[in-house]
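Okay, run_37.txt now, which holds compact mmCIF, C-alpha atoms:
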```txt
# COMPACT_ATOMS: atom_id res chain seq x y z
CA MET A 1029 136.95 45.08 164.37
CA ARG A 1030 133.47 46.42 164.71
CA THR A 1031 130.46 44.20 164.32
CA LEU A 1032 127.59 45.27 162.09
CA PRO A 1033 124.70 46.73 164.04
CA PRO A 1034 121.93 44.11 164.18
CA LEU A 1035 119.47 46.52 162.51
CA THR A 1036 121.62 46.84 159.38
CA LEU A 1037 121.89 43.09 159.09
CA ALA A 1038 118.13 42.71 159.47
CA ALA A 1039 117.52 45.39 156.82
CA ALA A 1040 119.90 43.67 154.40
CA LEU A 1041 118.16 40.34 154.91
CA MET A 1042 114.74 41.90 154.36
CA LEU A 1043 115.84 43.65 151.15
CA GLY A 1044 117.31 40.44 149.88
CA SER A 1045 114.15 38.50 150.55
CA ALA A 1046 111.91 41.22 149.06
CA LEU A 1047 113.36 40.67 145.59
CA PRO A 1048 113.49 36.96 144.95
CA ALA A 1049 115.14 36.25 141.64
CA TRP A 1050 112.89 33.88 139.76
CA ALA A 1051 115.05 31.02 138.66
CA GLY A 1052 112.40 29.05 136.82
CA SER A 1053 110.86 29.33 133.41
CA TYR A 1054 108.37 31.77 131.89
CA ALA A 1055 105.26 30.44 130.22
CA THR A 1056 102.28 32.78 129.99
CA LEU A 1057 102.25 35.77 127.62
CA ASP A 1058 100.67 38.86 129.18
CA PRO A 1059 99.28 40.68 126.10
CA GLN A 1060 98.06 43.64 128.20
CA HIS A 1061 101.66 44.53 129.01
CA SER A 1062 103.22 43.50 125.72
CA ARG A 1063 103.70 45.62 122.65
CA ILE A 1064 104.54 45.08 118.99
CA GLY A 1065 105.66 48.39 117.48
CA PHE A 1066 107.23 49.60 114.27
CA THR A 1067 109.19 52.60 113.02
CA TYR A 1068 109.89 53.70 109.48
CA THR A 1069 110.53 56.86 107.52
CA GLN A 1070 108.07 58.59 105.23
CA MET A 1071 109.43 61.43 103.04
CA GLY A 1072 112.42 61.53 105.38
CA VAL A 1073 110.22 61.84 108.47
CA ALA A 1074 110.52 59.22 111.22
CA MET A 1075 107.14 57.67 111.96
CA ASN A 1076 106.08 55.04 114.44
CA GLY A 1077 103.10 52.89 115.17
CA SER A 1078 102.00 49.76 116.94
CA PHE A 1079 99.48 46.92 116.96
CA GLY A 1080 96.81 47.01 119.64
CA GLN A 1081 96.35 43.24 119.79
CA LEU A 1082 98.63 40.27 120.28
CA LYS A 1083 97.95 36.60 121.00
CA GLY A 1084 100.20 33.64 121.45
CA GLN A 1085 102.32 31.40 123.60
CA VAL A 1086 105.85 31.76 124.88
CA GLN A 1087 107.91 29.10 126.65
CA PHE A 1088 111.29 30.23 127.90
CA ASP A 1089 113.59 28.64 130.47
CA PRO A 1090 116.80 30.65 131.08
CA ALA A 1091 118.49 27.36 131.97
CA LYS A 1092 117.62 25.91 128.53
CA PRO A 1093 117.23 28.84 126.13
CA GLU A 1094 117.73 26.60 123.06
CA ALA A 1095 114.50 24.81 123.97
CA ALA A 1096 112.51 28.06 124.02
CA LYS A 1097 109.44 28.36 121.83
CA ALA A 1098 107.19 31.22 120.84
CA SER A 1099 104.15 31.36 118.63
CA LEU A 1100 102.74 34.85 118.18
CA THR A 1101 99.74 36.08 116.25
CA VAL A 1102 99.20 39.78 115.53
CA PRO A 1103 95.73 40.73 114.25
CA LEU A 1104 96.69 43.29 111.62
CA ALA A 1105 93.45 45.27 111.77
CA SER A 1106 94.51 46.40 115.25
CA ILE A 1107 97.20 48.62 113.69
CA GLN A 1108 97.76 52.15 114.87
CA ALA A 1109 99.69 53.65 111.96
CA GLY A 1110 99.62 57.29 113.05
CA SER A 1111 96.35 58.61 111.62
CA ALA A 1112 92.82 57.34 110.93
CA GLU A 1113 93.49 57.78 107.20
CA ALA A 1114 96.63 55.64 107.40
CA ASN A 1115 94.90 52.97 109.55
CA ASP A 1116 92.25 52.53 106.83
CA GLU A 1117 94.77 52.62 104.00
CA VAL A 1118 97.08 49.90 105.35
CA LYS A 1119 94.19 47.43 105.76
CA GLY A 1120 93.61 47.67 102.00
CA LYS A 1121 94.82 45.36 99.23
CA ALA A 1122 98.03 47.25 98.45
CA TRP A 1123 99.20 46.88 102.04
CA PHE A 1124 98.13 44.10 104.43
CA ASN A 1125 94.90 43.10 102.66
CA THR A 1126 93.44 42.19 106.05
CA ALA A 1127 90.24 40.86 104.44
CA ALA A 1128 92.26 37.98 102.95
CA TYR A 1129 95.18 37.87 105.42
CA PRO A 1130 93.91 39.04 108.81
CA ALA A 1131 96.97 38.26 110.93
CA ALA A 1132 100.74 38.08 111.02
CA GLN A 1133 102.14 34.83 112.41
CA PHE A 1134 105.57 34.20 113.93
CA ASP A 1135 106.91 30.81 115.04
CA THR A 1136 110.37 30.27 116.46
CA THR A 1137 112.79 27.88 114.83
CA GLN A 1138 115.80 28.59 117.03
CA VAL A 1139 116.87 30.51 120.14
CA LYS A 1140 120.54 31.03 120.97
CA ALA A 1141 122.14 32.47 124.11
CA LEU A 1142 124.49 35.38 123.34
CA GLY A 1143 125.81 35.75 126.87
CA GLY A 1144 124.48 37.69 129.84
CA ASN A 1145 120.81 38.46 129.38
CA ARG A 1146 121.10 38.60 125.58
CA TYR A 1147 119.70 36.06 123.17
CA GLN A 1148 118.97 35.67 119.48
CA VAL A 1149 115.67 34.33 118.21
CA SER A 1150 115.06 33.12 114.66
CA GLY A 1151 111.78 32.04 113.24
CA LYS A 1152 109.31 32.02 110.42
CA LEU A 1153 107.27 35.16 109.86
CA THR A 1154 104.16 34.83 107.70
CA LEU A 1155 102.55 38.00 106.42
CA LYS A 1156 100.13 38.40 103.53
CA GLY A 1157 100.56 34.76 102.52
CA ARG A 1158 104.34 35.01 102.28
CA SER A 1159 106.80 33.42 104.71
CA HIS A 1160 110.37 34.45 105.42
CA GLU A 1161 112.92 33.61 108.04
CA VAL A 1162 113.60 36.54 110.37
CA SER A 1163 116.03 36.86 113.24
CA ALA A 1164 116.17 39.28 116.14
CA PRO A 1165 118.43 39.82 119.12
CA PHE A 1166 116.60 40.35 122.38
CA THR A 1167 117.24 40.95 126.06
CA LEU A 1168 115.56 39.25 128.98
CA THR A 1169 114.76 41.40 132.02
CA PRO A 1170 113.27 39.52 134.97
CA GLN A 1171 110.87 41.60 137.09
CA GLY A 1172 109.47 39.67 140.04
CA LYS A 1173 107.46 36.69 138.78
CA ALA A 1174 107.60 37.83 135.17
CA ALA A 1175 110.14 38.84 132.58
CA THR A 1176 110.20 41.29 129.72
CA PHE A 1177 111.63 40.13 126.38
CA GLU A 1178 112.69 43.13 124.32
CA GLY A 1179 114.19 43.27 120.85
CA GLY A 1180 113.73 44.25 117.26
CA PHE A 1181 114.71 43.60 113.67
CA ILE A 1182 114.47 45.20 110.25
CA LEU A 1183 111.69 43.92 108.04
CA LYS A 1184 111.86 44.64 104.30
CA ARG A 1185 108.25 45.37 103.49
CA THR A 1186 108.79 44.42 99.85
CA ASP A 1187 109.65 40.83 100.93
CA PHE A 1188 106.02 40.48 101.98
CA ALA A 1189 104.43 42.64 99.23
CA ILE A 1190 103.41 45.20 101.87
CA GLY A 1191 102.75 48.43 99.96
CA GLU A 1192 102.27 47.40 96.35
CA GLY A 1193 101.65 49.37 93.17
CA SER A 1194 102.13 53.09 93.56
CA TRP A 1195 103.32 52.56 97.14
CA ALA A 1196 106.21 50.28 96.12
CA ASP A 1197 108.60 53.25 95.78
CA GLY A 1198 110.87 53.20 98.82
CA GLY A 1199 111.61 56.90 98.37
CA ILE A 1200 108.23 57.85 99.81
CA VAL A 1201 107.54 55.16 102.40
CA ALA A 1202 110.87 53.48 103.15
CA HIS A 1203 111.27 49.75 102.43
CA ASP A 1204 112.98 49.12 105.75
CA VAL A 1205 110.57 48.94 108.66
CA ARG A 1206 111.99 48.34 112.11
CA ILE A 1207 109.80 45.99 114.10
CA THR A 1208 110.19 46.18 117.88
CA PHE A 1209 108.73 43.89 120.48
CA SER A 1210 108.39 44.07 124.21
CA LEU A 1211 106.75 40.94 125.58
CA ARG A 1212 105.88 40.43 129.21
CA VAL A 1213 105.77 36.75 130.05
CA LEU A 1214 104.65 35.48 133.45
CA ALA A 1215 106.61 32.89 135.34
CA ALA A 1216 105.43 29.29 135.17
CA GLU A 1217 103.81 28.50 138.52
CA ALA A 1218 105.85 26.18 140.69
CA ARG A 1219 104.18 22.80 140.77
CA MET B 989 120.90 111.15 109.07
CA THR B 990 120.74 109.67 105.59
CA PRO B 991 118.00 111.06 103.38
CA THR B 992 114.97 108.88 102.74
CA PRO B 993 115.73 106.77 99.68
CA THR B 994 113.58 107.15 96.59
CA ALA B 995 113.69 103.49 95.57
CA TYR B 996 113.78 99.97 96.97
CA THR B 997 117.10 98.16 96.58
CA ARG B 998 117.27 95.33 94.06
CA THR B 999 117.56 92.95 97.01
CA ALA B 1000 114.32 94.22 98.48
CA ILE B 1001 112.53 93.93 95.12
CA ALA B 1002 113.82 90.40 94.57
CA LEU B 1003 112.82 89.30 98.10
CA HIS B 1004 109.37 90.85 97.69
CA TRP B 1005 108.57 89.02 94.45
CA LEU B 1006 110.08 85.76 95.61
CA MET B 1007 107.79 85.95 98.61
CA ALA B 1008 104.78 86.86 96.47
CA PHE B 1009 105.19 83.91 94.12
CA GLY B 1010 106.25 81.59 96.92
CA LEU B 1011 103.21 82.45 99.01
CA LEU B 1012 100.73 82.05 96.17
CA ALA B 1013 102.28 78.76 95.06
CA THR B 1014 102.42 77.32 98.59
CA LEU B 1015 98.89 78.48 99.38
CA SER B 1016 97.52 76.97 96.15
CA LEU B 1017 99.33 73.71 96.84
CA GLY B 1018 97.87 73.68 100.36
CA LEU B 1019 94.33 74.14 99.05
CA TYR B 1020 94.81 71.45 96.39
CA MET B 1021 96.46 68.78 98.55
CA ALA B 1022 94.18 68.99 101.58
CA ASP B 1023 91.26 67.08 100.05
CA LEU B 1024 93.22 64.47 98.09
CA PRO B 1025 92.69 60.82 99.05
CA LEU B 1026 95.75 59.24 100.68
CA SER B 1027 98.32 58.31 98.03
CA PRO B 1028 102.09 58.46 97.61
CA SER B 1029 101.74 61.75 95.73
CA LYS B 1030 99.68 63.24 98.57
CA LEU B 1031 102.51 62.41 101.00
CA GLN B 1032 104.96 64.02 98.59
CA LEU B 1033 102.87 67.16 98.15
CA TYR B 1034 102.45 67.54 101.91
CA ALA B 1035 106.21 67.27 102.32
CA TYR B 1036 106.80 69.85 99.56
CA HIS B 1037 104.25 72.20 101.13
CA LYS B 1038 105.99 71.98 104.50
CA TRP B 1039 109.44 72.43 102.96
CA ALA B 1040 108.14 75.47 101.08
CA GLY B 1041 106.58 76.88 104.26
CA VAL B 1042 109.84 76.55 106.19
CA SER B 1043 111.73 78.10 103.26
CA LEU B 1044 109.31 81.04 103.10
CA PHE B 1045 109.79 81.56 106.83
CA GLY B 1046 113.54 81.76 106.18
CA LEU B 1047 112.90 84.21 103.34
CA LEU B 1048 110.72 86.27 105.67
CA LEU B 1049 113.61 86.51 108.15
CA GLY B 1050 115.70 87.85 105.25
CA ARG B 1051 113.04 90.45 104.44
CA LEU B 1052 112.76 91.49 108.09
CA ALA B 1053 116.54 91.84 108.26
CA TRP B 1054 116.43 94.08 105.17
CA ARG B 1055 113.59 96.14 106.61
CA LEU B 1056 115.40 96.62 109.93
CA THR B 1057 118.60 97.77 108.25
CA HIS B 1058 117.11 99.87 105.43
CA GLN B 1059 114.61 102.66 105.28
CA PRO B 1060 111.89 102.03 102.71
CA PRO B 1061 111.31 104.82 100.19
CA ALA B 1062 108.97 107.58 101.27
CA LEU B 1063 105.29 107.51 100.41
CA PRO B 1064 104.08 110.14 97.91
CA SER B 1065 103.77 113.55 99.64
CA ALA B 1066 100.04 113.64 98.84
CA THR B 1067 99.41 110.63 101.16
CA SER B 1068 97.06 111.65 103.98
CA GLU B 1069 97.68 110.85 107.65
CA SER B 1070 94.93 108.25 107.72
CA GLN B 1071 96.29 106.60 104.57
CA ARG B 1072 99.78 106.52 106.10
CA TRP B 1073 98.28 104.83 109.14
CA LEU B 1074 96.45 102.34 106.91
CA VAL B 1075 99.70 101.53 105.07
CA GLN B 1076 101.45 100.84 108.38
CA VAL B 1077 98.66 98.57 109.59
CA MET B 1078 98.49 96.73 106.27
CA HIS B 1079 102.24 96.08 106.13
CA LEU B 1080 102.37 95.03 109.78
CA ALA B 1081 99.46 92.64 109.21
CA LEU B 1082 101.14 91.14 106.13
CA TYR B 1083 104.41 90.58 108.01
CA GLY B 1084 102.50 89.25 111.05
CA LEU B 1085 100.64 86.72 108.93
CA MET B 1086 103.83 85.65 107.17
CA VAL B 1087 105.18 84.81 110.65
CA LEU B 1088 102.03 83.19 112.04
CA ILE B 1089 101.08 81.06 109.04
CA PRO B 1090 104.23 78.91 108.87
CA LEU B 1091 104.30 78.73 112.69
CA SER B 1092 100.71 77.46 112.82
CA GLY B 1093 101.47 74.93 110.07
CA TRP B 1094 104.53 73.65 111.92
CA LEU B 1095 102.60 73.33 115.20
CA MET B 1096 99.67 71.63 113.44
CA SER B 1097 102.05 69.14 111.88
CA SER B 1098 103.50 68.27 115.29
CA ALA B 1099 100.03 67.99 116.84
CA LYS B 1100 99.02 65.60 114.05
CA GLY B 1101 102.05 63.48 114.89
CA PHE B 1102 104.06 64.25 111.75
CA GLN B 1103 107.36 65.93 112.41
CA THR B 1104 108.51 68.54 109.89
CA VAL B 1105 111.86 67.59 108.34
CA TRP B 1106 113.05 70.34 106.00
CA PHE B 1107 113.90 68.80 102.61
CA GLY B 1108 113.86 65.45 104.39
CA VAL B 1109 117.16 66.38 106.02
CA LEU B 1110 116.78 68.99 108.76
CA PRO B 1111 114.29 67.98 111.46
CA LEU B 1112 112.45 70.81 113.19
CA PRO B 1113 111.72 70.09 116.84
CA ASP B 1114 108.14 69.18 117.73
CA LEU B 1115 107.00 71.94 120.09
CA LEU B 1116 103.69 70.15 120.66
CA SER B 1117 103.13 66.49 121.33
CA LYS B 1118 100.59 64.55 119.32
CA ASP B 1119 97.05 65.63 120.14
CA LEU B 1120 94.41 65.32 117.44
CA LEU B 1121 92.00 67.81 119.06
CA VAL B 1122 94.72 70.46 119.22
CA ALA B 1123 95.61 69.56 115.62
CA GLU B 1124 92.02 70.16 114.50
CA VAL B 1125 92.01 73.63 116.11
CA LEU B 1126 95.39 74.48 114.56
CA LYS B 1127 94.14 73.35 111.16
CA GLU B 1128 91.26 75.84 111.42
CA VAL B 1129 93.71 78.54 112.56
CA HIS B 1130 96.12 77.79 109.70
CA GLU B 1131 93.30 77.87 107.13
CA THR B 1132 91.67 81.02 108.48
CA LEU B 1133 94.97 82.90 108.64
CA ASN B 1134 95.58 81.96 105.01
CA TRP B 1135 92.19 83.28 103.89
CA VAL B 1136 92.93 86.54 105.76
CA LEU B 1137 96.36 86.71 104.12
CA LEU B 1138 94.89 86.11 100.68
CA SER B 1139 92.35 88.94 101.21
CA LEU B 1140 95.06 91.31 102.41
CA VAL B 1141 97.34 90.40 99.50
CA LEU B 1142 94.49 91.16 97.09
CA GLY B 1143 93.90 94.48 98.89
CA HIS B 1144 97.65 95.22 98.77
CA ALA B 1145 97.73 94.49 95.02
CA ALA B 1146 94.54 96.49 94.38
CA ALA B 1147 96.03 99.49 96.21
CA ALA B 1148 99.22 99.23 94.13
CA ILE B 1149 97.21 99.09 90.90
CA LYS B 1150 95.11 102.05 92.02
CA HIS B 1151 98.34 104.04 92.60
CA HIS B 1152 99.47 103.17 89.11
CA VAL B 1153 96.21 103.74 87.24
CA VAL B 1154 94.43 106.44 89.25
CA GLU B 1155 97.09 108.45 91.10
CA ARG B 1156 99.81 107.70 88.51
CA ASP B 1157 102.38 108.41 91.25
CA GLY B 1158 105.01 105.77 90.55
CA VAL B 1159 104.35 103.71 93.73
CA LEU B 1160 103.87 100.45 91.79
CA ALA B 1161 106.96 101.20 89.69
CA ARG B 1162 109.06 101.12 92.87
CA MET B 1163 108.42 97.37 93.01
CA LEU B 1164 108.23 96.92 89.22
CA PRO B 1165 111.03 99.14 87.90
CA PHE B 1166 110.19 98.37 84.24
CA LEU B 1167 106.96 100.38 84.73
CA ALA B 1168 108.90 103.53 85.63
CA LYS B 1169 108.56 106.41 83.20
CA PRO B 1170 111.82 106.97 81.33
```
Whole structure, structure tokens version:
Amino acid sequence: MRTLPPLTLAAALMLGSALPAWAGSYATLDPQHSRIGFTYTQMGVAMNGSFGQLKGQVQFDPAKPEAAKASLTVPLASIQAGSAEANDEVKGKAWFNTAAYPAAQFDTTQVKALGGNRYQVSGKLTLKGRSHEVSAPFTLTPQGKAATFEGGFILKRTDFAIGEGSWADGGIVAHDVRITFSLRVLAAEAR
Amino acid sequence: MTPTPTAYTRTAIALHWLMAFGLLATLSLGLYMADLPLSPSKLQLYAYHKWAGVSLFGLLLGRLAWRLTHQPPALPSATSESQRWLVQVMHLALYGLMVLIPLSGWLMSSAKGFQTVWFGVLPLPDLLSKDLLVAEVLKEVHETLNWVLLSLVLGHAAAAIKHHVVERDGVLARMLPFLAKP
């Protein structure tokens, strides 16, 4: 039997120590590297957009996912809906009415582990003065001393009176809007 | 060699008039919709305009196929060399614009970040990625090409009417058979 050359062993040890798997919890949302996006269809054409701003808190311990909590606020005027004309339009009364309802608010009610790095979050989404329970599967990807939470769900815009009056017809702007999120949350510092 | 035909085929006549009405309708729609405030009907009209543009491009391919496989009827023998040259240039310019106008519209749409999906079903690839400055340039190009096309179409129609009224040589009747003398 041949022994491993000492250099190989040293290299393996160094590689192993260069990527420490963070075993603790994640606690600080990094809005600069997080994104709330959306996709929908308009006259059969796939469109996408995003919100430029995001605030909130996330508490997530992989050892106790059911105790996880998130409270997210999305200032709706930060929307990028695809064109300047659309950005102005969706701030108006028929859509978000940002003058009266400036932000979307999400608060978790439950987080369940689905096995592996997959989880399911449920919570209360408040938009334009209306609240509904929404639920989204997500994956957790640790990267050094942070993790990315990625997932999405279908929001029915009519549930929140988004796009009223002449815009209510789902044949032009579809009723189903897929909301996607990618949240980078920094690890809680070891105390 | 087959002798030069004396008339356009029915297919050629049908394709010509379909294109004429299609172009005028799509161009008018384009002029009307561009300055509308954002509304559901504006989104619909834009979609219809794009669907029509793609359809007219398909029709153009049909016309080119006809032209490549058929000889058009001869010009009246009295046509001078310079007039023959002018006819060639005019027809080439009309075909060229019928190619370039839908292409510029398609590219502009991509540059604006709106993919073209024919009848909401068949997506055309985006050859350009979203770039609003490029889109602004393409919008100018698309508009200018349309004004040139409209002028040439008016010139084309004026020439046809002149043939009918002044020369009385039956050129217009080749495209409008009911005008032919019995």
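Proximity of B:Gly1010, B:Gly1041, B:Pro1025, B:Pro993 to B:Trp1106, computed with only C-alpha atoms, is greatest for B:Gly1041.
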Test item: chain A residues at most 8 Å from chain B, counting all atoms listed in the file, as a ChimeraX atom specification: /A:1070-1075,1110-1111,1113-1114,1117,1194-1195,1200-1201
Selection near A:Glu1161, 12 Å with all atoms listed in the file, sequence-local residues under 3 positions removed, as a PyMOL selection string: chain A and resi 1133-1138+1149-1155+1158+1164+1181-1184+1187-1188
Identify, on the basis of only C-alpha atoms, every residue whose closest approach to B:Leu1115 does not exceed 9 Å; exclude the query and any residue fewer than 2 positions from it along the same chain; express the result as number ranges by chain. B: 1094-1095, 1098-1099, 1112-1113, 1117
So that I can see what lies close to A:Thr1208, please list as a list in words the residues with an atom at most 6 Å from it, counting only C-alpha atoms and leaving out residues fewer than 3 positions away in the same chain.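 What passes the distance filter is Ile1064, Gly1065, Phe1066, Gly1179 and Gly1180 of chain A.
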Generate a file of the selected residues that holds C-alpha atoms, formatted as a PDB file, in the coordinates of the input.
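In the end it all went to out15.pdb:
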```pdb
ATOM      1  CA  ILE A1064     104.540  45.080 118.990  1.00  0.00           C
ATOM      2  CA  GLY A1065     105.660  48.390 117.480  1.00  0.00           C
ATOM      3  CA  PHE A1066     107.230  49.600 114.270  1.00  0.00           C
ATOM      4  CA  GLY A1179     114.190  43.270 120.850  1.00  0.00           C
ATOM      5  CA  GLY A1180     113.730  44.250 117.260  1.00  0.00           C
TER       6      GLY A1180
END
```
Within 9 Å of B:Arg1162, counting only C-alpha atoms, which residues show up once you throw out same-chain ones fewer than 2 positions away? Write them as a PyMOL selection string, please. chain B and resi 994-996+1001+1061+1158-1160+1164-1165+1167-1168
Let me have the centre and edge lengths in Å, one decimal, of the box along x, y and z around every listed atom of stretch 1130-1135 of chain A with 5 Å of margin on each side, as JSON.
```
{"center_x": 100.4, "center_y": 34.9, "center_z": 111.9, "size_x": 23.0, "size_y": 18.2, "size_z": 16.2}
```
Extract, using only C-alpha atoms, all DNA, RNA and protein residues at most 12 Å from B:Gly1046, discarding same-chain residues fewer than 3 positions from it, and format them as a PyMOL selection string. chain B and resi 1003+1006-1007+1010+1039-1043+1049-1053+1086-1087+1090-1091+1106
